[in-house]
>>> print(open('final.csv').read())   # CSV, C-alpha atoms
chain,number,residue,atom,x,y,z
N,1285,THR,CA,20.4,-43.5,12.5
N,1286,THR,CA,22.0,-40.4,14.1
N,1287,THR,CA,24.0,-41.1,17.2
N,1288,THR,CA,25.4,-38.7,19.8
N,1289,THR,CA,28.6,-39.2,21.7
N,1290,THR,CA,29.5,-36.8,24.5
N,1291,THR,CA,33.1,-36.6,25.7
N,1292,THR,CA,33.7,-34.8,28.9
N,1293,ARG,CA,37.2,-33.6,30.0
N,1294,VAL,CA,37.3,-33.1,33.7
N,1295,GLY,CA,39.4,-30.2,34.8
N,1296,LEU,CA,39.9,-27.6,37.6
N,1297,GLY,CA,40.9,-30.0,40.3
N,1298,GLY,CA,38.8,-32.9,39.0
N,1299,MET,CA,35.5,-31.1,39.3
N,1300,ASN,CA,33.0,-31.5,36.6
N,1301,ALA,CA,31.0,-28.4,37.4
N,1302,ARG,CA,29.7,-25.1,36.2
N,1303,ARG,CA,30.6,-21.9,38.0
N,1304,VAL,CA,29.3,-18.4,37.6
N,1305,TYR,CA,31.4,-15.5,38.6
N,1306,ALA,CA,30.4,-11.8,39.0
N,1307,ARG,CA,33.2,-9.8,37.5
N,1308,ASP,CA,33.2,-6.0,37.1
N,1309,GLY,CA,29.5,-6.0,36.7
N,1310,PHE,CA,29.4,-8.8,34.2
N,1311,MET,CA,28.1,-12.3,35.0
N,1312,THR,CA,30.7,-14.6,33.5
N,1313,ARG,CA,30.0,-18.3,33.2
N,1314,VAL,CA,32.9,-20.6,33.3
N,1315,GLU,CA,32.7,-24.2,32.4
N,1316,ALA,CA,34.8,-26.4,34.6
N,1317,SER,CA,34.8,-29.0,31.9
N,1318,THR,CA,34.7,-28.7,28.2
N,1319,ARG,CA,32.0,-30.9,26.6
N,1320,VAL,CA,32.7,-31.8,23.0
N,1321,VAL,CA,29.6,-33.1,21.2
N,1322,ASN,CA,30.2,-35.4,18.3
N,1323,PHE,CA,27.4,-36.3,15.9
N,1324,ALA,CA,27.3,-39.1,13.3
N,1325,SER,CA,28.5,-38.1,9.9
N,1326,SER,CA,25.1,-38.9,8.4
N,1327,SER,CA,24.3,-35.2,8.3
N,1328,ARG,CA,27.4,-34.4,6.3
N,1329,ARG,CA,27.6,-33.9,2.6
N,1330,SER,CA,30.5,-33.6,0.2
N,1331,THR,CA,31.8,-30.1,0.9
N,1332,THR,CA,35.0,-30.0,-1.2
N,1333,THR,CA,35.6,-26.4,-2.4
N,1334,MET,CA,38.1,-23.6,-2.4
N,1335,GLN,CA,39.2,-22.2,1.0
N,1336,GLY,CA,38.6,-18.6,1.9
N,1337,THR,CA,41.0,-15.8,1.0
N,1338,GLY,CA,39.5,-13.0,3.2
N,1339,LYS,CA,41.3,-11.4,6.1
N,1340,PHE,CA,40.7,-13.0,9.5
N,1341,ILE,CA,38.0,-11.2,11.5
N,1342,VAL,CA,36.9,-11.4,15.1
N,1343,GLY,CA,33.7,-9.9,16.6
N,1344,GLY,CA,32.7,-9.5,20.2
N,1345,ASN,CA,29.0,-9.6,21.0
N,1346,TRP,CA,28.5,-8.2,24.4
N,1347,LYS,CA,24.8,-8.9,24.3
N,1348,CYS,CA,22.7,-7.5,27.2
N,1349,ASN,CA,25.6,-7.1,29.6
N,1350,GLY,CA,27.4,-4.4,31.4
N,1351,THR,CA,27.2,-1.3,33.6
N,1352,VAL,CA,28.8,2.1,33.0
N,1353,GLU,CA,31.7,1.1,35.2
N,1354,SER,CA,32.2,-2.4,33.9
N,1355,VAL,CA,32.2,-1.2,30.3
N,1356,LYS,CA,34.9,1.3,31.2
N,1357,SER,CA,37.0,-1.4,32.8
N,1358,LEU,CA,36.5,-3.8,29.8
N,1359,VAL,CA,37.5,-1.0,27.3
N,1360,LYS,CA,40.7,-0.3,29.4
N,1361,GLU,CA,41.6,-4.0,29.3
N,1362,LEU,CA,41.1,-4.2,25.5
N,1363,ASN,CA,43.1,-1.1,24.9
N,1364,ALA,CA,45.9,-2.4,27.1
N,1365,GLY,CA,46.0,-5.8,25.4
N,1366,LYS,CA,48.8,-6.5,22.8
N,1367,ILE,CA,47.4,-7.7,19.5
N,1368,ASP,CA,50.1,-8.5,17.1
N,1369,ALA,CA,48.1,-10.5,14.5
N,1370,ASP,CA,46.8,-9.0,11.3
N,1371,LEU,CA,43.0,-9.0,11.4
N,1372,ASP,CA,39.8,-7.0,11.6
N,1373,ILE,CA,38.0,-6.6,14.9
N,1374,TYR,CA,34.6,-5.3,15.9
N,1375,VAL,CA,32.9,-5.2,19.2
N,1376,ALA,CA,29.1,-4.8,19.8
N,1377,PRO,CA,28.2,-3.2,23.1
N,1378,PRO,CA,24.6,-2.8,24.2
N,1379,ALA,CA,23.1,0.3,22.5
N,1380,VAL,CA,23.2,2.5,25.6
N,1381,HIS,CA,27.0,2.0,25.9
N,1382,ILE,CA,28.0,2.5,22.3
N,1383,PRO,CA,28.8,6.2,22.6
N,1384,SER,CA,31.1,5.8,25.5
N,1385,VAL,CA,32.8,2.8,23.8
N,1386,GLN,CA,33.3,4.8,20.6
N,1387,ALA,CA,34.9,7.6,22.5
N,1388,ALA,CA,37.3,5.5,24.5
N,1389,ILE,CA,38.2,2.3,22.6
N,1390,ASP,CA,41.4,2.0,20.5
N,1391,SER,CA,40.9,2.6,16.8
N,1392,ARG,CA,41.9,-0.9,15.9
N,1393,TYR,CA,38.5,-2.0,17.3
N,1394,GLN,CA,35.5,-1.1,15.1
N,1395,VAL,CA,32.1,-0.7,16.8
N,1396,ALA,CA,29.0,-2.6,15.9
N,1397,ALA,CA,25.3,-2.5,16.8
N,1398,GLN,CA,23.6,-5.7,17.9
N,1399,ASN,CA,20.5,-5.1,15.7
N,1400,CYS,CA,18.7,-2.6,13.6
N,1401,TRP,CA,15.2,-2.1,12.2
N,1402,VAL,CA,14.0,-3.5,8.8
N,1403,GLY,CA,13.4,0.0,7.3
N,1404,ALA,CA,13.5,3.7,7.9
N,1405,GLY,CA,12.8,5.2,11.2
N,1406,GLY,CA,9.3,6.2,12.4
N,1407,ALA,CA,6.7,4.9,14.9
N,1408,TYR,CA,8.6,1.8,15.9
N,1409,THR,CA,9.0,1.9,19.7
N,1410,GLY,CA,12.3,0.4,20.9
N,1411,GLU,CA,13.9,0.1,17.5
N,1412,VAL,CA,17.0,1.7,16.0
N,1413,SER,CA,17.2,2.2,12.2
N,1414,ALA,CA,20.2,1.7,10.0
N,1415,ASP,CA,20.0,5.4,9.1
N,1416,MET,CA,20.6,6.2,12.8
N,1417,LEU,CA,23.6,3.9,13.0
N,1418,VAL,CA,25.2,5.5,9.9
N,1419,ASP,CA,24.5,9.0,11.3
N,1420,ALA,CA,26.2,7.9,14.6
N,1421,LYS,CA,29.2,6.6,12.7
N,1422,ILE,CA,28.7,3.0,13.6
N,1423,PRO,CA,30.0,0.9,10.7
N,1424,TRP,CA,28.8,-2.6,11.6
N,1425,VAL,CA,25.6,-4.3,12.6
N,1426,ILE,CA,24.9,-7.9,13.7
N,1427,LEU,CA,21.7,-9.3,12.1
N,1428,GLY,CA,19.9,-12.7,12.3
N,1429,HIS,CA,21.3,-13.8,15.6
N,1430,SER,CA,19.7,-16.9,16.8
N,1431,GLU,CA,18.5,-15.2,20.0
N,1432,ARG,CA,16.5,-12.7,17.9
N,1433,ARG,CA,15.2,-15.4,15.6
N,1434,ALA,CA,14.0,-17.5,18.6
N,1435,LEU,CA,13.0,-14.9,21.1
N,1436,CYS,CA,11.7,-12.2,18.7
N,1437,GLY,CA,10.3,-14.4,16.0
N,1438,GLU,CA,12.5,-13.0,13.2
N,1439,THR,CA,12.0,-15.2,10.1
N,1440,ASN,CA,14.6,-15.9,7.4
N,1441,GLU,CA,12.7,-13.5,5.1
N,1442,PHE,CA,12.6,-10.7,7.8
N,1443,VAL,CA,16.3,-11.1,8.3
N,1444,GLY,CA,16.8,-10.9,4.6
N,1445,GLU,CA,14.9,-7.6,4.4
N,1446,LYS,CA,16.8,-6.2,7.4
N,1447,THR,CA,20.1,-7.1,5.7
N,1448,LYS,CA,19.0,-5.5,2.4
N,1449,TYR,CA,18.1,-2.3,4.1
N,1450,ALA,CA,21.2,-2.1,6.3
N,1451,LEU,CA,23.4,-2.7,3.2
N,1452,SER,CA,21.6,0.0,1.3
N,1453,LYS,CA,22.5,2.5,3.9
N,1454,GLY,CA,26.2,1.6,3.8
N,1455,LEU,CA,26.5,-0.6,6.9
N,1456,LYS,CA,28.6,-3.8,7.0
N,1457,VAL,CA,26.6,-6.8,8.2
N,1458,ALA,CA,27.6,-9.8,10.3
N,1459,LEU,CA,24.9,-12.2,9.2
N,1460,CYS,CA,24.3,-14.9,11.7
N,1461,ILE,CA,23.1,-18.4,10.7
N,1462,GLY,CA,23.0,-21.8,12.4
N,1463,GLU,CA,21.0,-24.8,13.4
N,1464,THR,CA,19.4,-26.0,16.6
N,1465,LEU,CA,20.3,-29.2,18.4
N,1466,GLU,CA,17.2,-30.9,17.0
N,1467,GLN,CA,18.1,-29.9,13.4
N,1468,ARG,CA,21.7,-31.1,13.9
N,1469,GLU,CA,20.6,-34.5,15.1
N,1470,ALA,CA,18.1,-34.7,12.3
N,1471,GLY,CA,20.9,-34.2,9.8
N,1472,THR,CA,19.5,-31.0,8.4
N,1473,THR,CA,22.3,-28.6,9.4
N,1474,LEU,CA,23.2,-27.6,5.9
N,1475,ASP,CA,19.6,-27.3,4.7
N,1476,VAL,CA,18.9,-24.9,7.6
N,1477,CYS,CA,21.9,-22.8,6.9
N,1478,PHE,CA,21.3,-22.7,3.1
N,1479,ALA,CA,17.6,-21.6,3.7
N,1480,GLN,CA,18.9,-18.8,5.9
N,1481,LEU,CA,21.4,-17.7,3.3
N,1482,LYS,CA,18.9,-18.0,0.4
N,1483,ALA,CA,16.5,-15.6,2.1
N,1484,VAL,CA,19.2,-13.0,2.1
N,1485,ASN,CA,20.6,-13.8,-1.3
N,1486,ASP,CA,17.1,-13.5,-2.9
N,1487,VAL,CA,16.8,-9.8,-2.0
N,1488,ILE,CA,20.4,-8.4,-2.4
N,1489,THR,CA,22.9,-8.1,-5.3
N,1490,VAL,CA,26.1,-10.1,-5.8
N,1491,ALA,CA,28.0,-6.9,-5.1
N,1492,ASP,CA,26.4,-6.6,-1.7
N,1493,TRP,CA,28.2,-9.7,-0.5
N,1494,GLU,CA,31.4,-7.7,-0.3
N,1495,ASN,CA,30.0,-6.0,2.8
N,1496,ILE,CA,28.7,-9.2,4.5
N,1497,VAL,CA,30.5,-11.5,6.9
N,1498,ILE,CA,28.7,-14.8,7.6
N,1499,ALA,CA,28.7,-15.9,11.2
N,1500,TYR,CA,27.9,-19.6,11.5
N,1501,GLU,CA,26.8,-20.2,15.1
N,1502,PRO,CA,25.3,-23.6,15.9
N,1503,VAL,CA,22.5,-22.7,18.3
N,1504,TRP,CA,23.2,-25.7,20.6
N,1505,ALA,CA,26.8,-24.4,21.2
N,1506,ILE,CA,26.1,-20.8,22.1
N,1507,GLY,CA,26.8,-20.3,25.8
N,1508,THR,CA,26.2,-23.9,26.6
N,1509,GLY,CA,29.7,-25.2,27.1
N,1510,LYS,CA,29.1,-27.6,24.3
N,1511,VAL,CA,31.6,-27.1,21.6
N,1512,ALA,CA,31.5,-28.2,18.0
N,1513,THR,CA,34.7,-30.1,17.1
N,1514,PRO,CA,37.0,-28.1,14.8
N,1515,GLN,CA,36.2,-30.6,12.0
N,1516,GLN,CA,32.5,-30.3,12.5
N,1517,ALA,CA,32.8,-26.5,12.2
N,1518,GLN,CA,35.1,-26.9,9.2
N,1519,ASP,CA,32.6,-29.2,7.4
N,1520,VAL,CA,29.8,-26.7,7.8
N,1521,HIS,CA,32.0,-23.7,6.8
N,1522,ALA,CA,33.1,-25.6,3.7
N,1523,GLY,CA,29.5,-26.4,2.9
N,1524,ILE,CA,28.5,-22.8,3.2
N,1525,ARG,CA,31.4,-21.7,0.9
N,1526,LYS,CA,30.3,-24.4,-1.6
N,1527,TRP,CA,26.7,-23.1,-1.5
N,1528,CYS,CA,28.0,-19.5,-2.2
N,1529,ALA,CA,30.0,-20.8,-5.2
N,1530,GLU,CA,27.0,-22.5,-6.6
N,1531,ASN,CA,24.4,-19.9,-5.8
N,1532,ILE,CA,26.2,-16.5,-5.9
N,1533,SER,CA,29.6,-16.7,-7.6
N,1534,ALA,CA,33.0,-18.4,-7.2
N,1535,GLU,CA,34.5,-15.0,-6.5
N,1536,VAL,CA,32.1,-14.3,-3.6
N,1537,ALA,CA,32.7,-17.9,-2.3
N,1538,SER,CA,36.4,-17.2,-2.1
N,1539,LYS,CA,36.3,-13.8,-0.7
N,1540,VAL,CA,33.4,-14.0,1.8
N,1541,ARG,CA,34.5,-14.4,5.4
N,1542,ILE,CA,32.9,-17.0,7.5
N,1543,GLN,CA,33.1,-16.7,11.3
N,1544,TYR,CA,32.5,-19.4,13.7
N,1545,GLY,CA,30.6,-18.8,16.9
N,1546,GLY,CA,29.6,-21.1,19.7
N,1547,SER,CA,31.5,-21.2,23.0
N,1548,VAL,CA,34.7,-19.9,21.4
N,1549,ASN,CA,37.2,-19.2,24.1
N,1550,ALA,CA,40.9,-18.6,24.8
N,1551,GLY,CA,41.5,-22.3,25.1
N,1552,ASN,CA,40.0,-23.6,21.9
N,1553,CYS,CA,40.5,-20.7,19.5
N,1554,GLU,CA,43.9,-21.6,18.1
N,1555,GLU,CA,42.8,-25.1,17.0
N,1556,LEU,CA,39.7,-23.7,15.4
N,1557,ALA,CA,41.6,-20.9,13.6
N,1558,GLN,CA,43.8,-23.5,11.8
N,1559,LYS,CA,40.8,-24.8,9.8
N,1560,GLU,CA,41.0,-23.6,6.2
N,1561,ASP,CA,37.4,-22.3,6.0
N,1562,ILE,CA,37.2,-20.7,9.4
N,1563,ASP,CA,38.0,-17.0,8.7
N,1564,GLY,CA,37.4,-15.7,12.2
N,1565,PHE,CA,35.1,-15.8,15.2
N,1566,LEU,CA,32.0,-14.2,16.6
N,1567,VAL,CA,32.5,-14.4,20.4
N,1568,GLY,CA,29.9,-14.1,23.1
N,1569,GLY,CA,30.8,-14.7,26.8
N,1570,ALA,CA,34.6,-14.6,26.3
N,1571,SER,CA,34.4,-11.1,24.7
N,1572,LEU,CA,33.4,-9.8,28.1
N,1573,ILE,CA,36.9,-10.7,29.4
N,1574,GLY,CA,39.6,-8.4,28.0
N,1575,ASP,CA,42.6,-10.7,28.1
N,1576,ALA,CA,40.6,-13.7,26.8
N,1577,PHE,CA,39.3,-11.6,23.8
N,1578,VAL,CA,42.8,-10.4,23.0
N,1579,THR,CA,44.0,-14.0,23.0
N,1580,ILE,CA,41.2,-15.0,20.6
N,1581,CYS,CA,42.1,-12.1,18.3
N,1582,ASN,CA,45.8,-13.2,18.3
N,1583,SER,CA,44.7,-16.7,17.2
N,1584,ALA,CA,44.5,-15.2,13.8
N,1585,LYS,CA,48.2,-16.0,13.6
N,1586,MET,CA,47.3,-19.6,13.4
N,1587,SER,CA,45.0,-19.1,10.4
N,1588,LYS,CA,46.0,-20.9,7.1
>>> encode(input="final.csv", output="structure tokens")
Amino acid sequence: TTTTTTTTRVGLGGMNARRVYARDGFMTRVEASTRVVNFASSSRRSTTTMQGTGKFIVGGNWKCNGTVESVKSLVKELNAGKIDADLDIYVAPPAVHIPSVQAAIDSRYQVAAQNCWVGAGGAYTGEVSADMLVDAKIPWVILGHSERRALCGETNEFVGEKTKYALSKGLKVALCIGETLEQREAGTTLDVCFAQLKAVNDVITVADWENIVIAYEPVWAIGTGKVATPQQAQDVHAGIRKWCAENISAEVASKVRIQYGGSVNAGNCEELAQKEDIDGFLVGGASLIGDAFVTICNSAKMSK
């Protein structure tokens, strides 16, 4: 039987509340309390494996947020921030803001697109092809995000084909995987993640994995204020690395970088970064706040 325990830490003057602030054109949601959701260990498997050896990497997914002025302000904050950790960083603005971000952001930040089409360009209204991203000198693309899987009906197989095409054009891919709350409570977290990985692995080569970063994002923790415990995240990351060793190669399992995403913020990033199989973060809401994102980037210094 799966049980759920919710622990609530009350902060901000004893208020257990959710507040929403409008900040420089962004709607920033701040949780007055941090809810840590613990699930019974019945969904866990033996995940003993080697830890990752890849360089720490942090991505910022700005999603569908920002105005011309607020993006300018955010870029200024990022450029002014002091990052003294050794890591790779990418930011993914909405498509309309990519050119201005490319022109103004410090070179230590690489730029990513939030999506691309499954094949070459053509009569696909509203889509952007991988070819276009390469032509525009955009090196990264995020694929398979849970919001696109849920809202746009993208299947595992479709994400696999999109990944294959993007890689064939020379893009680096942040491949998002993760389970819903119902799947977590049913004890199928790893099964869900493995199916998502298999659909990609079935259509690419072993060498292609050199240009993929896996972003594990439990759907129930994205923007909800619910946070997986560091050990929960570590267990899944270790399981993913073990799957890679058994289904791709030991070398890929060691080298592939696995980001964690799901309400990562300036307050919890250092503890998460200390886990041996967490190789970075894919950050949503906190990436819209310059100093918070810089703090998250600097948590790379805590990585083992």
>>> atom_distance(input="final.csv", atom1="atom CA of N:Leu1417", atom2="atom CA of N:Gly1344")
17.7 Å
>>> atom_distance(input="final.csv", atom1="atom CA of N:Glu1494", atom2="atom CA of N:Thr1439")
23.3 Å
>>> residues_near_point(input="final.csv", point="(17.5, -1.4, 15.6)", cutoff="8 Å", atoms="all atoms listed in the file", output="PyMOL selection string")
chain N and resi 1397-1402+1410-1414
>>> atom_distance(input="final.csv", atom1="atom CA of N:Glu1555", atom2="atom CA of N:Val1342")
15.0 Å
>>> closest_residue(input="final.csv", among="N:Pro1378, N:Gly1336, N:Gly1428, N:Pro1514", to="N:Cys1528", atoms="all atoms listed in the file")
N:Gly1336
>>> closest_residue(input="final.csv", among="N:Ile1341, N:Glu1438, N:Ala1534, N:Val1511", to="N:Gln1394", atoms="only C-alpha atoms")
N:Ile1341
>>> closest_residue(input="final.csv", among="N:Asp1372, N:Asp1390, N:Asp1519, N:Glu1431", to="N:Glu1560", atoms="all atoms listed in the file")
N:Asp1519
>>> closest_residue(input="final.csv", among="N:Leu1459, N:Ala1404, N:Val1536, N:Ala1522", to="N:Leu1474", atoms="only C-alpha atoms")
N:Ala1522
>>> closest_residue(input="final.csv", among="N:Ile1524, N:Leu1371, N:Ala1379, N:Met1416", to="N:Gly1403", atoms="only C-alpha atoms")
N:Met1416
>>> closest_residue(input="final.csv", among="N:Asp1561, N:Glu1466, N:Asp1575, N:Asp1492", to="N:Lys1339", atoms="all atoms listed in the file")
N:Asp1561
>>> closest_atom_pairs(input="final.csv", of="stretch 1350-1443 of chain N", to="stretch 1563-1568 of chain N", cutoff="10 Å", atoms="all atoms listed in the file", output="tab-separated table")
residue	atom	partner	partner_atom	distance
N:Leu1371	CA	N:Gly1564	CA	8.8
N:Asp1372	CA	N:Gly1564	CA	9.0
N:Ile1373	CA	N:Gly1564	CA	9.5
N:Tyr1374	CA	N:Leu1566	CA	9.3
N:Val1375	CA	N:Val1567	CA	9.3
N:Ala1376	CA	N:Gly1568	CA	9.9
N:Ile1426	CA	N:Leu1566	CA	9.9
>>> residues_around(input="final.csv", residues="N:Ser1452", least_positions_apart="3", cutoff="10 Å", atoms="only C-alpha atoms", output="list in words")
Ala1414, Asp1415, Lys1446, Thr1447, Lys1448, Tyr1449, Leu1455, Lys1456, Ile1488 and Asp1492 of chain N
>>> decode(input="final.csv", residues="stretch 1435-1463 of chain N", atoms="N, CA and C atoms", output="PDB file, in the first residue's frame")
ATOM      1  N   LEU N1435      -0.335  18.955 -22.786  1.00  0.00           N
ATOM      2  CA  LEU N1435      -1.192  19.937 -23.436  1.00  0.00           C
ATOM      3  C   LEU N1435      -1.244  19.789 -24.948  1.00  0.00           C
ATOM      4  N   CYS N1436      -0.171  19.277 -25.525  1.00  0.00           N
ATOM      5  CA  CYS N1436      -0.090  19.173 -26.991  1.00  0.00           C
ATOM      6  C   CYS N1436      -0.154  17.735 -27.473  1.00  0.00           C
ATOM      7  N   GLY N1437      -0.289  16.804 -26.557  1.00  0.00           N
ATOM      8  CA  GLY N1437      -0.454  15.405 -26.938  1.00  0.00           C
ATOM      9  C   GLY N1437       0.782  14.741 -27.504  1.00  0.00           C
ATOM     10  N   GLU N1438       1.954  15.216 -27.145  1.00  0.00           N
ATOM     11  CA  GLU N1438       3.177  14.614 -27.668  1.00  0.00           C
ATOM     12  C   GLU N1438       3.434  13.268 -26.987  1.00  0.00           C
ATOM     13  N   THR N1439       3.492  12.221 -27.772  1.00  0.00           N
ATOM     14  CA  THR N1439       3.725  10.877 -27.250  1.00  0.00           C
ATOM     15  C   THR N1439       5.217  10.623 -27.084  1.00  0.00           C
ATOM     16  N   ASN N1440       5.547   9.543 -26.389  1.00  0.00           N
ATOM     17  CA  ASN N1440       6.946   9.163 -26.240  1.00  0.00           C
ATOM     18  C   ASN N1440       7.616   9.003 -27.599  1.00  0.00           C
ATOM     19  N   GLU N1441       6.896   8.361 -28.526  1.00  0.00           N
ATOM     20  CA  GLU N1441       7.454   8.091 -29.850  1.00  0.00           C
ATOM     21  C   GLU N1441       7.667   9.390 -30.631  1.00  0.00           C
ATOM     22  N   PHE N1442       6.728  10.322 -30.511  1.00  0.00           N
ATOM     23  CA  PHE N1442       6.865  11.614 -31.196  1.00  0.00           C
ATOM     24  C   PHE N1442       8.067  12.375 -30.653  1.00  0.00           C
ATOM     25  N   VAL N1443       8.240  12.355 -29.333  1.00  0.00           N
ATOM     26  CA  VAL N1443       9.393  13.008 -28.721  1.00  0.00           C
ATOM     27  C   VAL N1443      10.685  12.336 -29.207  1.00  0.00           C
ATOM     28  N   GLY N1444      10.658  11.027 -29.353  1.00  0.00           N
ATOM     29  CA  GLY N1444      11.821  10.317 -29.870  1.00  0.00           C
ATOM     30  C   GLY N1444      12.199  10.781 -31.260  1.00  0.00           C
ATOM     31  N   GLU N1445      11.200  10.927 -32.133  1.00  0.00           N
ATOM     32  CA  GLU N1445      11.470  11.366 -33.504  1.00  0.00           C
ATOM     33  C   GLU N1445      11.951  12.816 -33.539  1.00  0.00           C
ATOM     34  N   LYS N1446      11.377  13.650 -32.678  1.00  0.00           N
ATOM     35  CA  LYS N1446      11.824  15.040 -32.602  1.00  0.00           C
ATOM     36  C   LYS N1446      13.281  15.111 -32.151  1.00  0.00           C
ATOM     37  N   THR N1447      13.615  14.296 -31.172  1.00  0.00           N
ATOM     38  CA  THR N1447      14.982  14.268 -30.668  1.00  0.00           C
ATOM     39  C   THR N1447      15.944  13.799 -31.743  1.00  0.00           C
ATOM     40  N   LYS N1448      15.569  12.758 -32.444  1.00  0.00           N
ATOM     41  CA  LYS N1448      16.404  12.230 -33.529  1.00  0.00           C
ATOM     42  C   LYS N1448      16.690  13.300 -34.575  1.00  0.00           C
ATOM     43  N   TYR N1449      15.662  14.008 -34.990  1.00  0.00           N
ATOM     44  CA  TYR N1449      15.850  15.013 -36.036  1.00  0.00           C
ATOM     45  C   TYR N1449      16.697  16.181 -35.528  1.00  0.00           C
ATOM     46  N   ALA N1450      16.423  16.645 -34.317  1.00  0.00           N
ATOM     47  CA  ALA N1450      17.197  17.761 -33.761  1.00  0.00           C
ATOM     48  C   ALA N1450      18.678  17.408 -33.671  1.00  0.00           C
ATOM     49  N   LEU N1451      18.965  16.211 -33.211  1.00  0.00           N
ATOM     50  CA  LEU N1451      20.362  15.771 -33.110  1.00  0.00           C
ATOM     51  C   LEU N1451      21.013  15.680 -34.485  1.00  0.00           C
ATOM     52  N   SER N1452      20.254  15.228 -35.473  1.00  0.00           N
ATOM     53  CA  SER N1452      20.805  15.070 -36.822  1.00  0.00           C
ATOM     54  C   SER N1452      21.214  16.403 -37.425  1.00  0.00           C
ATOM     55  N   LYS N1453      20.640  17.494 -36.922  1.00  0.00           N
ATOM     56  CA  LYS N1453      20.974  18.824 -37.415  1.00  0.00           C
ATOM     57  C   LYS N1453      22.047  19.508 -36.573  1.00  0.00           C
ATOM     58  N   GLY N1454      22.518  18.829 -35.540  1.00  0.00           N
ATOM     59  CA  GLY N1454      23.616  19.357 -34.743  1.00  0.00           C
ATOM     60  C   GLY N1454      23.218  20.081 -33.474  1.00  0.00           C
ATOM     61  N   LEU N1455      21.952  20.020 -33.102  1.00  0.00           N
ATOM     62  CA  LEU N1455      21.522  20.652 -31.858  1.00  0.00           C
ATOM     63  C   LEU N1455      21.865  19.775 -30.653  1.00  0.00           C
ATOM     64  N   LYS N1456      22.009  20.406 -29.506  1.00  0.00           N
ATOM     65  CA  LYS N1456      22.083  19.703 -28.236  1.00  0.00           C
ATOM     66  C   LYS N1456      20.679  19.703 -27.632  1.00  0.00           C
ATOM     67  N   VAL N1457      20.290  18.589 -27.035  1.00  0.00           N
ATOM     68  CA  VAL N1457      18.920  18.408 -26.581  1.00  0.00           C
ATOM     69  C   VAL N1457      18.849  18.229 -25.070  1.00  0.00           C
ATOM     70  N   ALA N1458      17.992  19.017 -24.433  1.00  0.00           N
ATOM     71  CA  ALA N1458      17.617  18.772 -23.044  1.00  0.00           C
ATOM     72  C   ALA N1458      16.332  17.949 -23.102  1.00  0.00           C
ATOM     73  N   LEU N1459      16.456  16.663 -22.835  1.00  0.00           N
ATOM     74  CA  LEU N1459      15.354  15.713 -22.975  1.00  0.00           C
ATOM     75  C   LEU N1459      14.618  15.573 -21.648  1.00  0.00           C
ATOM     76  N   CYS N1460      13.376  16.018 -21.607  1.00  0.00           N
ATOM     77  CA  CYS N1460      12.607  16.002 -20.361  1.00  0.00           C
ATOM     78  C   CYS N1460      11.826  14.707 -20.209  1.00  0.00           C
ATOM     79  N   ILE N1461      11.883  14.134 -19.022  1.00  0.00           N
ATOM     80  CA  ILE N1461      11.114  12.948 -18.676  1.00  0.00           C
ATOM     81  C   ILE N1461      10.564  13.130 -17.257  1.00  0.00           C
ATOM     82  N   GLY N1462       9.576  12.332 -16.895  1.00  0.00           N
ATOM     83  CA  GLY N1462       9.059  12.425 -15.532  1.00  0.00           C
ATOM     84  C   GLY N1462       7.649  11.894 -15.422  1.00  0.00           C
ATOM     85  N   GLU N1463       7.250  11.620 -14.187  1.00  0.00           N
ATOM     86  CA  GLU N1463       5.977  10.966 -13.915  1.00  0.00           C
ATOM     87  C   GLU N1463       4.966  11.933 -13.309  1.00  0.00           C
TER      88      GLU N1463
END
